[in-house]
Every structure is written in C-alpha cells, then in structure tokens.
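Structure file final-v2.tsv with TSV, C-alpha atoms and all ligand atoms:
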```tsv
chain	number	residue	atom	x	y	z
A	1	MET	CA	-187.78	-85.87	-90.06
A	2	SER	CA	-191.21	-87.43	-90.05
A	3	VAL	CA	-192.65	-88.68	-86.76
A	4	LEU	CA	-195.63	-90.99	-86.30
A	5	SER	CA	-197.02	-90.99	-82.78
A	6	CYS	CA	-199.89	-92.30	-80.77
A	7	GLU	CA	-200.93	-91.08	-77.40
A	8	ASP	CA	-203.16	-92.77	-74.84
A	9	LEU	CA	-204.47	-95.10	-77.52
A	10	SER	CA	-207.25	-97.40	-76.38
A	11	VAL	CA	-209.51	-99.71	-78.34
A	12	VAL	CA	-212.46	-101.35	-76.63
A	13	ILE	CA	-214.68	-103.82	-78.47
A	14	GLY	CA	-217.88	-104.57	-76.61
A	15	ARG	CA	-216.52	-104.53	-73.09
A	16	LYS	CA	-213.20	-106.05	-74.02
A	17	PRO	CA	-210.14	-103.79	-73.90
A	18	ILE	CA	-208.01	-104.63	-76.94
A	19	LEU	CA	-205.50	-101.78	-76.49
A	20	SER	CA	-205.09	-99.82	-73.28
A	21	GLY	CA	-203.37	-96.47	-73.02
A	22	VAL	CA	-200.65	-97.10	-75.60
A	23	GLY	CA	-198.27	-94.21	-76.21
A	24	LEU	CA	-195.52	-94.65	-78.80
A	25	SER	CA	-193.50	-92.52	-81.14
A	26	PHE	CA	-191.77	-93.66	-84.32
A	27	GLU	CA	-189.12	-91.99	-86.44
A	28	VAL	CA	-188.35	-92.60	-90.08
A	29	GLY	CA	-185.07	-94.32	-90.89
A	30	ARG	CA	-185.56	-97.17	-88.46
A	31	VAL	CA	-186.95	-100.68	-88.49
A	32	THR	CA	-189.21	-101.35	-85.52
A	33	ALA	CA	-190.48	-104.85	-84.80
A	34	VAL	CA	-193.68	-105.32	-82.82
A	35	VAL	CA	-193.88	-108.75	-81.20
A	36	GLY	CA	-196.11	-110.40	-78.63
A	37	PRO	CA	-198.40	-113.38	-78.19
A	38	ASN	CA	-201.53	-114.03	-80.26
A	39	GLY	CA	-204.24	-111.57	-79.33
A	40	ALA	CA	-201.81	-109.07	-77.75
A	41	GLY	CA	-203.18	-106.30	-79.95
A	42	LYS	CA	-200.38	-106.01	-82.53
A	43	SER	CA	-202.65	-105.94	-85.59
A	44	THR	CA	-205.04	-103.54	-83.89
A	45	LEU	CA	-202.16	-101.20	-83.05
A	46	LEU	CA	-200.87	-101.25	-86.62
A	47	ALA	CA	-204.33	-100.60	-88.06
A	48	CYS	CA	-204.70	-97.60	-85.72
A	49	LEU	CA	-201.25	-96.28	-86.69
A	50	ALA	CA	-202.24	-96.60	-90.35
A	51	GLY	CA	-205.41	-94.62	-89.73
A	52	LEU	CA	-207.53	-97.59	-90.77
A	53	ARG	CA	-209.11	-98.15	-87.39
A	54	ALA	CA	-210.52	-95.41	-85.21
A	55	PRO	CA	-209.40	-95.83	-81.60
A	56	THR	CA	-211.93	-95.65	-78.78
A	57	THR	CA	-209.77	-93.02	-77.08
A	58	GLY	CA	-206.48	-91.37	-77.94
A	59	THR	CA	-205.03	-89.99	-81.14
A	60	VAL	CA	-202.54	-90.90	-83.82
A	61	THR	CA	-200.58	-88.03	-85.31
A	62	LEU	CA	-198.27	-87.75	-88.29
A	63	ASP	CA	-195.91	-84.81	-87.84
A	64	GLY	CA	-198.32	-83.36	-85.33
A	65	GLU	CA	-201.37	-83.63	-87.58
A	66	ALA	CA	-204.16	-85.98	-86.46
A	67	LEU	CA	-204.50	-88.88	-88.90
A	68	ALA	CA	-208.23	-88.92	-88.29
A	69	GLY	CA	-208.48	-85.46	-89.85
A	70	MET	CA	-206.41	-86.26	-92.95
A	71	LYS	CA	-208.08	-87.08	-96.24
A	72	PRO	CA	-207.59	-90.73	-97.29
A	73	ARG	CA	-205.63	-89.93	-100.46
A	74	PRO	CA	-202.90	-87.73	-98.97
A	75	ARG	CA	-202.71	-90.10	-96.01
A	76	ALA	CA	-202.31	-93.12	-98.29
A	77	ARG	CA	-199.49	-91.37	-100.16
A	78	ARG	CA	-197.46	-91.13	-97.00
A	79	LEU	CA	-198.44	-94.31	-95.20
A	80	ALA	CA	-198.62	-97.78	-96.69
A	81	PHE	CA	-200.27	-100.59	-94.79
A	82	LEU	CA	-199.69	-104.25	-95.52
A	83	PRO	CA	-202.46	-106.33	-93.94
A	84	GLN	CA	-201.93	-109.67	-92.25
A	85	ILE	CA	-204.47	-111.77	-94.12
A	86	PRO	CA	-204.94	-110.08	-97.44
A	87	GLU	CA	-208.06	-110.98	-99.32
A	88	ILE	CA	-206.60	-111.35	-102.78
A	89	ALA	CA	-208.23	-114.31	-104.39
A	90	TRP	CA	-208.31	-112.25	-107.55
A	91	ALA	CA	-207.84	-113.31	-111.10
A	92	VAL	CA	-205.56	-110.36	-111.88
A	93	GLU	CA	-201.96	-110.18	-112.97
A	94	ALA	CA	-199.40	-109.49	-110.26
A	95	ARG	CA	-198.45	-106.24	-112.00
A	96	THR	CA	-202.06	-105.04	-111.93
A	97	LEU	CA	-202.18	-105.70	-108.19
A	98	VAL	CA	-198.95	-103.77	-107.66
A	99	GLU	CA	-200.34	-100.89	-109.76
A	100	LEU	CA	-203.13	-100.57	-107.21
A	101	GLY	CA	-200.44	-99.35	-104.82
A	102	ARG	CA	-200.18	-96.24	-107.03
A	103	THR	CA	-203.90	-95.47	-106.72
A	104	PRO	CA	-203.37	-92.51	-104.36
A	105	PHE	CA	-201.24	-90.87	-107.09
A	106	VAL	CA	-202.97	-91.70	-110.34
A	107	GLY	CA	-204.85	-88.70	-111.66
A	108	ALA	CA	-207.85	-88.35	-113.91
A	109	TRP	CA	-205.66	-88.91	-116.99
A	110	GLY	CA	-204.51	-92.35	-115.85
A	111	GLN	CA	-201.03	-93.69	-115.28
A	112	THR	CA	-198.05	-91.56	-116.16
A	113	GLY	CA	-194.56	-92.72	-117.07
A	114	GLU	CA	-193.54	-91.94	-113.52
A	115	ASP	CA	-196.30	-94.23	-112.18
A	116	ARG	CA	-195.08	-97.04	-114.42
A	117	ALA	CA	-191.48	-96.44	-113.33
A	118	ALA	CA	-192.48	-96.58	-109.66
A	119	VAL	CA	-194.28	-99.88	-110.27
A	120	ASP	CA	-191.16	-101.24	-112.03
A	121	ARG	CA	-188.99	-100.20	-109.06
A	122	ALA	CA	-191.38	-101.83	-106.60
A	123	LEU	CA	-191.46	-105.08	-108.61
A	124	ALA	CA	-187.66	-105.10	-108.65
A	125	ALA	CA	-187.28	-104.26	-104.95
A	126	ALA	CA	-189.57	-107.13	-103.92
A	127	ASN	CA	-187.90	-109.41	-106.48
A	128	VAL	CA	-191.13	-110.34	-108.22
A	129	GLU	CA	-190.38	-109.13	-111.76
A	130	ALA	CA	-190.23	-112.75	-112.93
A	131	PHE	CA	-193.91	-113.26	-112.35
A	132	GLU	CA	-195.35	-109.82	-112.97
A	133	HIS	CA	-197.66	-111.28	-115.63
A	134	ARG	CA	-198.78	-114.33	-113.63
A	135	ILE	CA	-202.32	-114.38	-112.25
A	136	VAL	CA	-202.14	-113.73	-108.53
A	137	ASP	CA	-204.36	-116.74	-107.74
A	138	THR	CA	-201.75	-119.06	-109.19
A	139	LEU	CA	-198.84	-117.79	-107.08
A	140	SER	CA	-197.64	-119.56	-103.95
A	141	GLY	CA	-198.34	-117.96	-100.57
A	142	GLY	CA	-194.77	-116.66	-100.30
A	143	GLU	CA	-194.77	-115.28	-103.85
A	144	ARG	CA	-198.06	-113.54	-103.15
A	145	ALA	CA	-196.63	-112.09	-99.92
A	146	ARG	CA	-193.80	-110.55	-101.96
A	147	VAL	CA	-196.22	-109.16	-104.55
A	148	LEU	CA	-198.07	-107.49	-101.67
A	149	ILE	CA	-194.83	-105.97	-100.41
A	150	ALA	CA	-194.34	-104.63	-103.95
A	151	ARG	CA	-197.85	-103.18	-103.92
A	152	ALA	CA	-197.09	-101.37	-100.66
A	153	LEU	CA	-193.84	-100.00	-102.12
A	154	ALA	CA	-195.40	-98.84	-105.39
A	155	GLY	CA	-196.68	-95.71	-103.67
A	156	GLU	CA	-193.13	-94.98	-102.43
A	157	PRO	CA	-194.48	-94.28	-98.96
A	158	GLU	CA	-192.68	-92.49	-96.18
A	159	TRP	CA	-194.04	-95.11	-93.78
A	160	LEU	CA	-194.47	-98.83	-94.25
A	161	LEU	CA	-196.61	-100.57	-91.65
A	162	ALA	CA	-196.58	-104.29	-92.33
A	163	ASP	CA	-198.50	-106.91	-90.37
A	164	GLU	CA	-196.54	-110.18	-90.34
A	165	PRO	CA	-194.96	-109.66	-93.76
A	166	LEU	CA	-192.47	-112.50	-93.20
A	167	THR	CA	-194.99	-115.17	-92.22
A	168	GLY	CA	-195.20	-117.72	-94.99
A	169	LEU	CA	-191.86	-116.81	-96.57
A	170	ASP	CA	-189.11	-119.43	-96.79
A	171	PRO	CA	-185.83	-118.63	-94.96
A	172	ALA	CA	-184.08	-117.20	-98.02
A	173	HIS	CA	-186.98	-114.91	-98.85
A	174	GLN	CA	-187.28	-113.92	-95.19
A	175	LEU	CA	-183.68	-112.74	-95.35
A	176	ASP	CA	-184.38	-110.91	-98.61
A	177	ALA	CA	-187.41	-109.19	-97.09
A	178	ALA	CA	-185.46	-108.26	-93.95
A	179	ALA	CA	-182.70	-106.81	-96.16
A	180	LEU	CA	-185.31	-104.90	-98.17
A	181	PHE	CA	-186.80	-103.39	-95.00
A	182	ARG	CA	-183.29	-102.37	-93.94
A	183	ARG	CA	-182.62	-100.72	-97.32
A	184	LEU	CA	-185.94	-98.86	-97.05
A	185	ALA	CA	-185.01	-97.62	-93.57
A	186	VAL	CA	-181.59	-96.51	-94.80
A	187	SER	CA	-183.30	-94.60	-97.62
A	188	GLY	CA	-185.39	-92.76	-95.02
A	189	VAL	CA	-188.57	-94.82	-94.74
A	190	GLY	CA	-190.09	-95.56	-91.34
A	191	VAL	CA	-190.66	-99.32	-91.17
A	192	VAL	CA	-192.88	-100.91	-88.52
A	193	VAL	CA	-193.45	-104.66	-88.80
A	194	THR	CA	-195.15	-107.22	-86.61
A	195	LEU	CA	-193.32	-110.52	-86.40
A	196	HIS	CA	-193.63	-113.87	-84.70
A	197	ASP	CA	-190.07	-115.00	-85.24
A	198	LEU	CA	-188.21	-113.57	-82.26
A	199	SER	CA	-184.75	-114.42	-83.58
A	200	LEU	CA	-185.56	-112.52	-86.78
A	201	ALA	CA	-186.82	-109.61	-84.69
A	202	LEU	CA	-183.49	-109.55	-82.84
A	203	ARG	CA	-181.57	-109.64	-86.08
A	204	MET	CA	-183.48	-107.21	-88.24
A	205	ALA	CA	-184.86	-104.49	-85.97
A	206	ASP	CA	-183.37	-101.37	-84.41
A	207	ARG	CA	-186.11	-101.35	-81.86
A	208	VAL	CA	-188.42	-104.04	-80.51
A	209	ILE	CA	-191.79	-103.36	-78.93
A	210	VAL	CA	-193.13	-106.29	-76.92
A	211	MET	CA	-196.89	-106.20	-76.48
A	212	ALA	CA	-199.03	-108.24	-74.13
A	213	ASP	CA	-202.69	-107.86	-73.15
A	214	GLY	CA	-203.14	-104.68	-75.15
A	215	GLY	CA	-200.23	-102.87	-73.54
A	216	VAL	CA	-196.51	-102.33	-74.10
A	217	LEU	CA	-194.37	-104.62	-71.96
A	218	ALA	CA	-191.00	-103.55	-73.35
A	219	ASP	CA	-189.80	-100.98	-75.86
A	220	ASP	CA	-186.05	-101.02	-76.31
A	221	PRO	CA	-183.19	-101.96	-78.59
A	222	PRO	CA	-183.62	-105.68	-79.43
A	223	ALA	CA	-181.17	-107.14	-76.93
A	224	THR	CA	-182.71	-105.18	-74.07
A	225	ALA	CA	-186.33	-105.79	-75.10
A	226	LEU	CA	-186.09	-109.53	-75.64
A	227	THR	CA	-184.71	-110.81	-72.36
A	228	PRO	CA	-185.67	-114.11	-70.68
A	229	ASP	CA	-187.66	-112.12	-68.12
A	230	VAL	CA	-189.68	-110.25	-70.75
A	231	LEU	CA	-190.22	-113.46	-72.75
A	232	ARG	CA	-191.53	-115.20	-69.62
A	233	ARG	CA	-193.92	-112.35	-68.85
A	234	ALA	CA	-195.09	-111.87	-72.43
A	235	TYR	CA	-195.38	-115.44	-73.65
A	236	GLY	CA	-195.29	-117.55	-70.48
A	237	VAL	CA	-192.24	-119.49	-71.68
A	238	GLU	CA	-188.75	-120.12	-70.39
A	239	ALA	CA	-186.33	-119.01	-73.08
A	240	THR	CA	-182.73	-118.03	-73.45
A	241	VAL	CA	-181.09	-115.69	-75.93
A	242	THR	CA	-177.82	-117.07	-77.22
A	243	PRO	CA	-175.36	-115.89	-79.84
A	244	GLY	CA	-175.82	-117.72	-83.15
A	245	GLU	CA	-173.71	-117.54	-86.26
A	246	GLY	CA	-176.21	-115.37	-88.09
A	247	GLY	CA	-177.04	-113.28	-85.02
A	248	PRO	CA	-178.77	-113.82	-81.69
A	249	LEU	CA	-181.09	-116.81	-81.33
A	250	VAL	CA	-184.10	-117.16	-79.06
A	251	ASP	CA	-184.22	-120.70	-77.72
A	252	VAL	CA	-187.63	-121.49	-76.24
A	253	ILE	CA	-187.12	-124.23	-73.67
A	254	ARG	CA	-190.56	-124.89	-72.17
A	255	ARG	CA	-193.70	-123.27	-70.86
A	256	ALA	CA	-192.95	-121.33	-67.70
A	301	LIG	P1	-202.58	-109.79	-82.48
A	301	LIG	O1	-202.39	-109.20	-83.83
A	301	LIG	O2	-201.54	-109.37	-81.51
A	301	LIG	O3	-202.72	-111.29	-82.54
A	301	LIG	P2	-205.15	-108.46	-82.60
A	301	LIG	O4	-204.87	-107.00	-82.61
A	301	LIG	O5	-205.49	-109.09	-83.89
A	301	LIG	O6	-203.96	-109.23	-81.88
A	301	LIG	O7	-206.34	-108.76	-81.60
A	301	LIG	C1	-206.29	-108.44	-80.23
A	301	LIG	C2	-207.53	-108.98	-79.54
A	301	LIG	O8	-208.66	-108.28	-80.03
A	301	LIG	C3	-207.79	-110.45	-79.81
A	301	LIG	O9	-208.25	-111.04	-78.62
A	301	LIG	C4	-208.88	-110.42	-80.86
A	301	LIG	O10	-209.68	-111.57	-80.78
A	301	LIG	C5	-209.64	-109.18	-80.49
A	301	LIG	N1	-210.31	-108.55	-81.62
A	301	LIG	C6	-209.70	-107.95	-82.68
A	301	LIG	N2	-210.61	-107.46	-83.54
A	301	LIG	C7	-211.81	-107.78	-83.02
A	301	LIG	C8	-213.17	-107.57	-83.44
A	301	LIG	N3	-213.46	-106.91	-84.56
A	301	LIG	N4	-214.16	-108.02	-82.61
A	301	LIG	C9	-213.87	-108.67	-81.45
A	301	LIG	N5	-212.62	-108.90	-81.02
A	301	LIG	C10	-211.62	-108.47	-81.78
A	302	MG	MG	-202.14	-109.96	-85.64
```
What does this structure look like when you write it as structure tokens?
Amino acid sequence: MSVLSCEDLSVVIGRKPILSGVGLSFEVGRVTAVVGPNGAGKSTLLACLAGLRAPTTGTVTLDGEALAGMKPRPRARRLAFLPQIPEIAWAVEARTLVELGRTPFVGAWGQTGEDRAAVDRALAAANVEAFEHRIVDTLSGGERARVLIARALAGEPEWLLADEPLTGLDPAHQLDAAALFRRLAVSGVGVVVTLHDLSLALRMADRVIVMADGGVLADDPPATALTPDVLRRAYGVEATVTPGEGGPLVDVIRRA
C-alpha cells in the first residue's frame, strides 16, 4: 500500500511564508480534496507533493523514500501531476498531447504496442476519443481539461495530483470527472485534487483538507471538515451545509 507523506513542509518566498509546517499523509485508494481560499497554498502544496517544487524546509516521501532523491523518470512513472493553468497553446493533435503522458515509459526504440494501448485507455477513460485527432488549440477549455486528464492517466500512475481539474468543466463533465476519479481510487490509485466547488468536494471526496494561510485548518471526512465554523474561519463567510438531492450542498449566505 503506497503512502505519500510530507513532514514539516514549509515554503518561504522572499520573506513570505507560503506553507508553514504542513504534515500530511496520503494513502492510495482514496480521493482527497484540498480546498481553501485563493492564495491558501493549495497549488504550492500539490507541486511539493509532486516533487516539482523544492520546499524551503521539510521533506516529501513516497513509501519512505525522499522524492527529492528520486530520479525524474521513475518518479514521473509513479506520480502524475495535472497543473492548474496548463500552457498548451500548441498546434498538436490531442492524441499527441496524451502520448506525452507516456514519456517516462517510452524507450529508445519508441512507442510499443503497450504504450499505444495505454494511450487508448486514457483517451477512453477521459471520454475524449471523439476528438483525438483535433488540434488542441481548437478545443474548448473543458475539452482541453479532459485531454489533460487523459495525458495524466496515460502513464497509468499510482498517484494523480490534480490542481483544479474540474474548473472550467460543465456540470455533466464535472460529474464524469468526479466518477472517473472515484473509479481510479477504487482501482488503487491515490487521487489528490484541489477544488473550489465545496459541494462537489463534499460529494466526491473521502477526505477533505481545508487550507488557509499556508496551514491546514481541517483534515477530516467531508462532513466533519466542511462545517459552518471551518467555512467561517477559512473563507470568512457564513455558510450552511444542507442535504440536497444529489448530496450535501454548501449554501454561502454572506460574508462573515
Ligand atoms: P492557492 O493555490 O491556494 O490559490 P498558491 O499555492 O498558488 O495558492 O499560492 C499561495 C501564495 O503564494 C499566494 O499568495 C501566491 O501569490 C504566493 N506565491 C505562489 N508562488 C509564488 C511565487 N513564485 N512568487 C511569489 N509568490 C508566490
Ligand atoms: Mg491554486
């Protein structure tokens, strides 16, 4: 059972503390949502967990091994990172972009049948087969977001760390993506996603981490993490959590 952990993680930029003493441990097979106001440090945390940003202090370990000491290729095989604002104004076909997700596997002899099969599975899982030959530039924001999910899945990672993967998706595709993350977790992948939609976080996650000011304010099962008290302290809003037909709903009433 793979475990991704960070201990005493701090990031300071200039004199500004971005993350302060964050200690967390993640297990595969679960969907964890990281929420919190703008600037709370969610993206910075995810980048550290993915080994893409070196913390000022503290360590990130994967099954006890420091990420900082792992070579990029073996690390990338195990851990896929989906960035928040991907820079993909590229004139390439969607399939070509998804194939890049196999890069950590492709050997000197080029793609194998297994690489092509993994790309096919990723295209199907993210439901983007219909436009695999479209140029990425011509896709809508939501279609592009799904192609990027496919790229992350093409490497069949043990861990998927996704920064706001649902932002920009319409409600139906948000549900599809949430269902996909659930299927991945059931198949043994560790899924960590940052989200802004608190109702979606309540509905799709096993665990919710609420961040504020570079620290962890709550880390619990969704219904315990997202209480009116935590929402007031994290976001400065009065909110209630009520049962809705599709699951719990966060109703933001006003600024506190
Ligand atoms: P979130 O994803 O929760 O919105 P971020 O992790 O992106 O938060 O950023 C946390 C804080 O760190 C923000 O105040 C942001 O402006 C600041 N920050 C992030 N990266 C840099 C950087 N390279 N230089 C200066 N400040 C940064
Ligand atoms: Mg962010």
Can you work out which residues are within 9 Å of ligand LIG 301 (chain A), considering only C-alpha atoms and all ligand atoms, and then hand them over as an MDAnalysis selection string?
chainID A and resid 11:14 16:19 34:47 84 163:164 194 211:214
Residues at most 6 Å from A:Gly58, counting only C-alpha atoms, excluding those fewer than 4 positions away in the same chain, as a PyMOL selection string?
chain A and resi 7-9
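Going from atom CA of A:Val186 over to atom CA of A:Arg203, you cover 15.8 Å.
Going from atom CA of A:Glu93 over to atom CA of A:Ala172, you cover 24.3 Å.
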Select, from A:Val241, A:Ala150, A:Val22, A:Val106, the residue with the minimum atom-to-atom distance to A:Arg73, counting all atoms listed in the file.
A:Val106
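The space between atom CA of A:Leu160 and atom CA of A:Ser10 spans 22.0 Å.
Closest to ligand MG 302 (chain A) among A:His196, A:Arg116, A:Arg207, A:Arg183 is A:His196, based on only C-alpha atoms and all ligand atoms.
Minimum atom-to-atom distance to A:Val192, evaluated using all atoms listed in the file, belongs to A:Leu161 out of A:Leu161, A:Leu175, A:Val237, A:Thr138.
Nearest to A:Arg30 of all the residues A:Met1, A:Pro104, A:Glu245, A:Pro72 is A:Met1, based on only C-alpha atoms.
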Go through A:Gly101, A:Gly244, A:Gly110, A:Pro165 and flag the residue nearest ligand MG 302 (chain A), using all atoms listed in the file for the distances.
A:Pro165
Which polymer residues, protein or nucleic acid, are no farther than 8 Å from (-195.4, -111.8, -109.9), counting all atoms listed in the file, as an MDAnalysis selection string?
chainID A and resid 93:95 123 128:136 139 143:144 147
Please work out which residues fall within 6 Å of (-195.2, -122.2, -74.0), coordinates as given in the file, with all atoms listed in the file counting, and return them as number ranges by chain.
A: 236-237, 254-255
Distance query A:Val31 at most 10 Å, all atoms listed in the file, self and fewer than 5 positions along chain excluded, as a short mmCIF file (atom, residue, chain, number, x, y, z; two decimals) with C-alpha atoms, keeping the file's coordinate frame:
```cif
data_model
loop_
_atom_site.label_atom_id
_atom_site.label_comp_id
_atom_site.auth_asym_id
_atom_site.auth_seq_id
_atom_site.Cartn_x
_atom_site.Cartn_y
_atom_site.Cartn_z
CA PHE A 26 -191.77 -93.66 -84.32
CA LEU A 160 -194.47 -98.83 -94.25
CA ALA A 178 -185.46 -108.26 -93.95
CA PHE A 181 -186.80 -103.39 -95.00
CA ARG A 182 -183.29 -102.37 -93.94
CA ARG A 183 -182.62 -100.72 -97.32
CA LEU A 184 -185.94 -98.86 -97.05
CA ALA A 185 -185.01 -97.62 -93.57
CA VAL A 186 -181.59 -96.51 -94.80
CA VAL A 189 -188.57 -94.82 -94.74
CA GLY A 190 -190.09 -95.56 -91.34
CA VAL A 191 -190.66 -99.32 -91.17
CA VAL A 192 -192.88 -100.91 -88.52
CA VAL A 193 -193.45 -104.66 -88.80
CA ALA A 201 -186.82 -109.61 -84.69
CA MET A 204 -183.48 -107.21 -88.24
CA ALA A 205 -184.86 -104.49 -85.97
CA ASP A 206 -183.37 -101.37 -84.41
CA ARG A 207 -186.11 -101.35 -81.86
CA VAL A 208 -188.42 -104.04 -80.51
#
```
Skip A:Ala256 itself and residues of its chain fewer than 4 positions away, then list as an mmCIF file with C-alpha atoms, in the coordinates of the input all residues within 10 Å of it, counting all atoms listed in the file.
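This is the output file out01.cif:
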```
data_model
loop_
_atom_site.group_PDB
_atom_site.id
_atom_site.type_symbol
_atom_site.label_atom_id
_atom_site.label_comp_id
_atom_site.auth_asym_id
_atom_site.auth_seq_id
_atom_site.Cartn_x
_atom_site.Cartn_y
_atom_site.Cartn_z
ATOM 1 C CA LEU A 231 -190.220 -113.460 -72.750
ATOM 2 C CA ARG A 232 -191.530 -115.200 -69.620
ATOM 3 C CA ARG A 233 -193.920 -112.350 -68.850
ATOM 4 C CA TYR A 235 -195.380 -115.440 -73.650
ATOM 5 C CA GLY A 236 -195.290 -117.550 -70.480
ATOM 6 C CA VAL A 237 -192.240 -119.490 -71.680
ATOM 7 C CA GLU A 238 -188.750 -120.120 -70.390
ATOM 8 C CA ALA A 239 -186.330 -119.010 -73.080
#
```
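Considering the residues A:Gly69, A:Gly247, A:Pro83, A:Gly21 and counting only C-alpha atoms and all ligand atoms, ligand MG 302 (chain A) has its shortest atom-to-atom contact with A:Pro83.
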Can you write stretch 108-117 of chain A from the block above with all heavy atoms, as an mmCIF file, in the first residue's frame?
```
data_model
loop_
_atom_site.group_PDB
_atom_site.id
_atom_site.type_symbol
_atom_site.label_atom_id
_atom_site.label_comp_id
_atom_site.auth_asym_id
_atom_site.auth_seq_id
_atom_site.Cartn_x
_atom_site.Cartn_y
_atom_site.Cartn_z
ATOM 1 N N ALA A 108 14.208 3.828 -25.959
ATOM 2 C CA ALA A 108 14.980 4.316 -27.104
ATOM 3 C C ALA A 108 14.357 3.865 -28.430
ATOM 4 O O ALA A 108 14.572 4.493 -29.464
ATOM 5 C CB ALA A 108 16.414 3.819 -27.009
ATOM 6 N N TRP A 109 13.590 2.773 -28.411
ATOM 7 C CA TRP A 109 13.036 2.231 -29.651
ATOM 8 C C TRP A 109 11.659 2.812 -29.975
ATOM 9 O O TRP A 109 10.993 2.365 -30.889
ATOM 10 C CB TRP A 109 12.965 0.705 -29.590
ATOM 11 C CG TRP A 109 14.271 0.117 -29.217
ATOM 12 C CD1 TRP A 109 14.598 -0.490 -28.053
ATOM 13 C CD2 TRP A 109 15.466 0.120 -30.005
ATOM 14 N NE1 TRP A 109 15.914 -0.868 -28.052
ATOM 15 C CE2 TRP A 109 16.474 -0.504 -29.247
ATOM 16 C CE3 TRP A 109 15.785 0.600 -31.295
ATOM 17 C CZ2 TRP A 109 17.780 -0.663 -29.712
ATOM 18 C CZ3 TRP A 109 17.077 0.436 -31.751
ATOM 19 C CH2 TRP A 109 18.069 -0.190 -30.975
ATOM 20 N N GLY A 110 11.227 3.797 -29.183
ATOM 21 C CA GLY A 110 9.945 4.433 -29.472
ATOM 22 C C GLY A 110 8.783 3.699 -28.829
ATOM 23 O O GLY A 110 8.970 2.782 -28.026
ATOM 24 N N GLN A 111 7.589 4.099 -29.227
ATOM 25 C CA GLN A 111 6.371 3.554 -28.625
ATOM 26 C C GLN A 111 6.192 2.078 -28.916
ATOM 27 O O GLN A 111 6.374 1.636 -30.042
ATOM 28 C CB GLN A 111 5.162 4.274 -29.230
ATOM 29 C CG GLN A 111 4.778 5.540 -28.552
ATOM 30 C CD GLN A 111 3.457 6.050 -29.114
ATOM 31 O OE1 GLN A 111 2.465 5.339 -29.172
ATOM 32 N NE2 GLN A 111 3.471 7.283 -29.534
ATOM 33 N N THR A 112 5.750 1.361 -27.913
ATOM 34 C CA THR A 112 5.418 -0.045 -28.100
ATOM 35 C C THR A 112 3.892 -0.166 -28.218
ATOM 36 O O THR A 112 3.161 0.805 -28.016
ATOM 37 C CB THR A 112 5.858 -0.865 -26.884
ATOM 38 O OG1 THR A 112 5.130 -0.374 -25.746
ATOM 39 C CG2 THR A 112 7.340 -0.742 -26.626
ATOM 40 N N GLY A 113 3.445 -1.374 -28.518
ATOM 41 C CA GLY A 113 2.003 -1.635 -28.562
ATOM 42 C C GLY A 113 1.370 -1.334 -27.215
ATOM 43 O O GLY A 113 0.256 -0.828 -27.143
ATOM 44 N N GLU A 114 2.093 -1.656 -26.146
ATOM 45 C CA GLU A 114 1.561 -1.409 -24.813
ATOM 46 C C GLU A 114 1.414 0.101 -24.563
ATOM 47 O O GLU A 114 0.448 0.544 -23.947
ATOM 48 C CB GLU A 114 2.482 -2.061 -23.760
ATOM 49 C CG GLU A 114 2.147 -1.757 -22.313
ATOM 50 C CD GLU A 114 0.679 -1.977 -21.928
ATOM 51 O OE1 GLU A 114 -0.012 -2.805 -22.562
ATOM 52 O OE2 GLU A 114 0.208 -1.286 -21.005
ATOM 53 N N ASP A 115 2.364 0.911 -25.060
ATOM 54 C CA ASP A 115 2.236 2.362 -24.923
ATOM 55 C C ASP A 115 0.982 2.847 -25.651
ATOM 56 O O ASP A 115 0.233 3.664 -25.127
ATOM 57 C CB ASP A 115 3.469 3.084 -25.513
ATOM 58 C CG ASP A 115 4.719 2.857 -24.667
ATOM 59 O OD1 ASP A 115 4.599 2.841 -23.431
ATOM 60 O OD2 ASP A 115 5.800 2.685 -25.257
ATOM 61 N N ARG A 116 0.784 2.330 -26.865
ATOM 62 C CA ARG A 116 -0.393 2.766 -27.633
ATOM 63 C C ARG A 116 -1.678 2.332 -26.939
ATOM 64 O O ARG A 116 -2.652 3.083 -26.879
ATOM 65 C CB ARG A 116 -0.332 2.233 -29.072
ATOM 66 C CG ARG A 116 0.497 3.135 -29.980
ATOM 67 C CD ARG A 116 0.493 2.654 -31.424
ATOM 68 N NE ARG A 116 1.268 1.419 -31.578
ATOM 69 C CZ ARG A 116 2.590 1.393 -31.778
ATOM 70 N NH1 ARG A 116 3.266 2.530 -31.867
ATOM 71 N NH2 ARG A 116 3.227 0.250 -31.901
ATOM 72 N N ALA A 117 -1.667 1.133 -26.361
ATOM 73 C CA ALA A 117 -2.866 0.647 -25.659
ATOM 74 C C ALA A 117 -3.156 1.507 -24.433
ATOM 75 O O ALA A 117 -4.318 1.810 -24.127
ATOM 76 C CB ALA A 117 -2.668 -0.822 -25.255
#
```
